[in-house]
Amino acid sequence: QVQLVESGGGLVQPGGSLRLSCAASESIFSISLVGWYRQCPGKQRELVAAIRSGGSTNYADSVKGRFSISRDNAKNTVYLQMNSLKPEDTAVYYCNVMGTIYNYWGQGTQVTVSS
């Protein structure tokens, strides 16, 4: 069982930045589809950004140009750089790692964008 630990969430003012980290207990990111999801109270979890094993990325329209996903295989860590944050970005952010026969989730980290 791979363990995923997210960190980096917190309270930030509108227009500010945060960088989320997702650390894995095993070297798995380079062979998996890794995604950052978020969930607001009363809403479904939505995909924010994803990075494939080959390095290609995709983003939700709502975060394009503001968020960036990256991967450091040596550190078994995936990052989500979030810039120009808006109040509507407030959510619990989750890291997900998916392969052919596995699907792991982290515990989530709260991001609150408020003045």
# chains A, B, ... in the order shown; residues from 1 in each chain; ligands from 1
call {"tool": "closest_atom_pairs", "arguments": {"of": "stretch 35-84 of chain A", "to": "stretch 107-112 of chain A", "cutoff": "12 Å", "atoms": "only C-alpha atoms", "output": "Markdown table"}}
result
| residue | atom | partner | partner_atom | distance |
| --- | --- | --- | --- | --- |
| A:Trp36 | CA | A:Gly108 | CA | 9.8 |
| A:Tyr37 | CA | A:Gly108 | CA | 9.2 |
| A:Arg38 | CA | A:Gly108 | CA | 8.5 |
| A:Gln39 | CA | A:Gly108 | CA | 9.4 |
| A:Cys40 | CA | A:Gln110 | CA | 9.9 |
| A:Pro41 | CA | A:Gln110 | CA | 11.5 |
| A:Arg45 | CA | A:Gly108 | CA | 11.5 |
| A:Leu80 | CA | A:Thr109 | CA | 11.9 |
| A:Met82 | CA | A:Val111 | CA | 10.3 |
call {"tool": "residues_around", "arguments": {"residues": "A:Val5", "least_positions_apart": "2", "cutoff": "6 Å", "atoms": "only C-alpha atoms", "output": "ChimeraX atom specification"}}
result
/A:22-23,106
call {"tool": "select_by_dssp", "arguments": {"residues": "chain A", "states": "helix (DSSP H, G or I)", "output": "number ranges by chain"}}
result
A: 29-31, 61-63, 73-75, 87-89
call {"tool": "residues_around", "arguments": {"residues": "stretch 47-57 of chain A", "least_positions_apart": "6", "cutoff": "7 Å", "atoms": "only C-alpha atoms", "output": "JSON, numbers by chain"}}
result
{"A": [30, 31, 32, 33, 34, 35, 36, 37, 38, 69]}
call {"tool": "residues_around", "arguments": {"residues": "A:Arg66", "least_positions_apart": "3", "cutoff": "8 Å", "atoms": "only C-alpha atoms", "output": "tab-separated table (two decimals) with N, CA and C atoms, in the first residue's frame"}}
result
chain	number	residue	atom	x	y	z
A	63	VAL	N	-8.38	26.72	-13.91
A	63	VAL	CA	-7.06	26.99	-13.32
A	63	VAL	C	-5.96	27.17	-14.36
A	82	MET	N	0.25	27.02	-7.21
A	82	MET	CA	-1.00	27.74	-7.40
A	82	MET	C	-0.74	29.24	-7.25
A	83	ASN	N	-0.94	29.97	-8.33
A	83	ASN	CA	-0.74	31.42	-8.34
A	83	ASN	C	-2.07	32.12	-8.60
A	84	SER	N	-2.08	33.40	-8.31
A	84	SER	CA	-3.27	34.24	-8.55
A	84	SER	C	-4.52	33.57	-7.97
A	85	LEU	N	-4.41	33.14	-6.75
A	85	LEU	CA	-5.51	32.39	-6.13
A	85	LEU	C	-6.75	33.25	-5.96
call {"tool": "select_by_dssp", "arguments": {"residues": "stretch 63-113 of chain A", "states": "strand (DSSP E)", "output": "NGL selection string"}}
result
:A and (67-72 or 77-82 or 91-98 or 103-105 or 109-113)
call {"tool": "atom_distance", "arguments": {"atom1": "atom CA of A:Gly9", "atom2": "atom CA of A:Phe29"}}
result
20.8 Å
call {"tool": "closest_residue", "arguments": {"among": "A:Gln81, A:Ser70, A:Gln3, A:Asn76", "to": "A:Ser17", "atoms": "only C-alpha atoms"}}
result
A:Gln81
call {"tool": "closest_residue", "arguments": {"among": "A:Ser21, A:Val78, A:Glu26, A:Asn58", "to": "A:Val2", "atoms": "only C-alpha atoms"}}
result
A:Glu26
call {"tool": "residues_around", "arguments": {"residues": "A:Pro87", "least_positions_apart": "4", "cutoff": "8 Å", "atoms": "only C-alpha atoms", "output": "list of chain:residue names"}}
result
A:Pro14, A:Thr112, A:Val113, A:Ser114
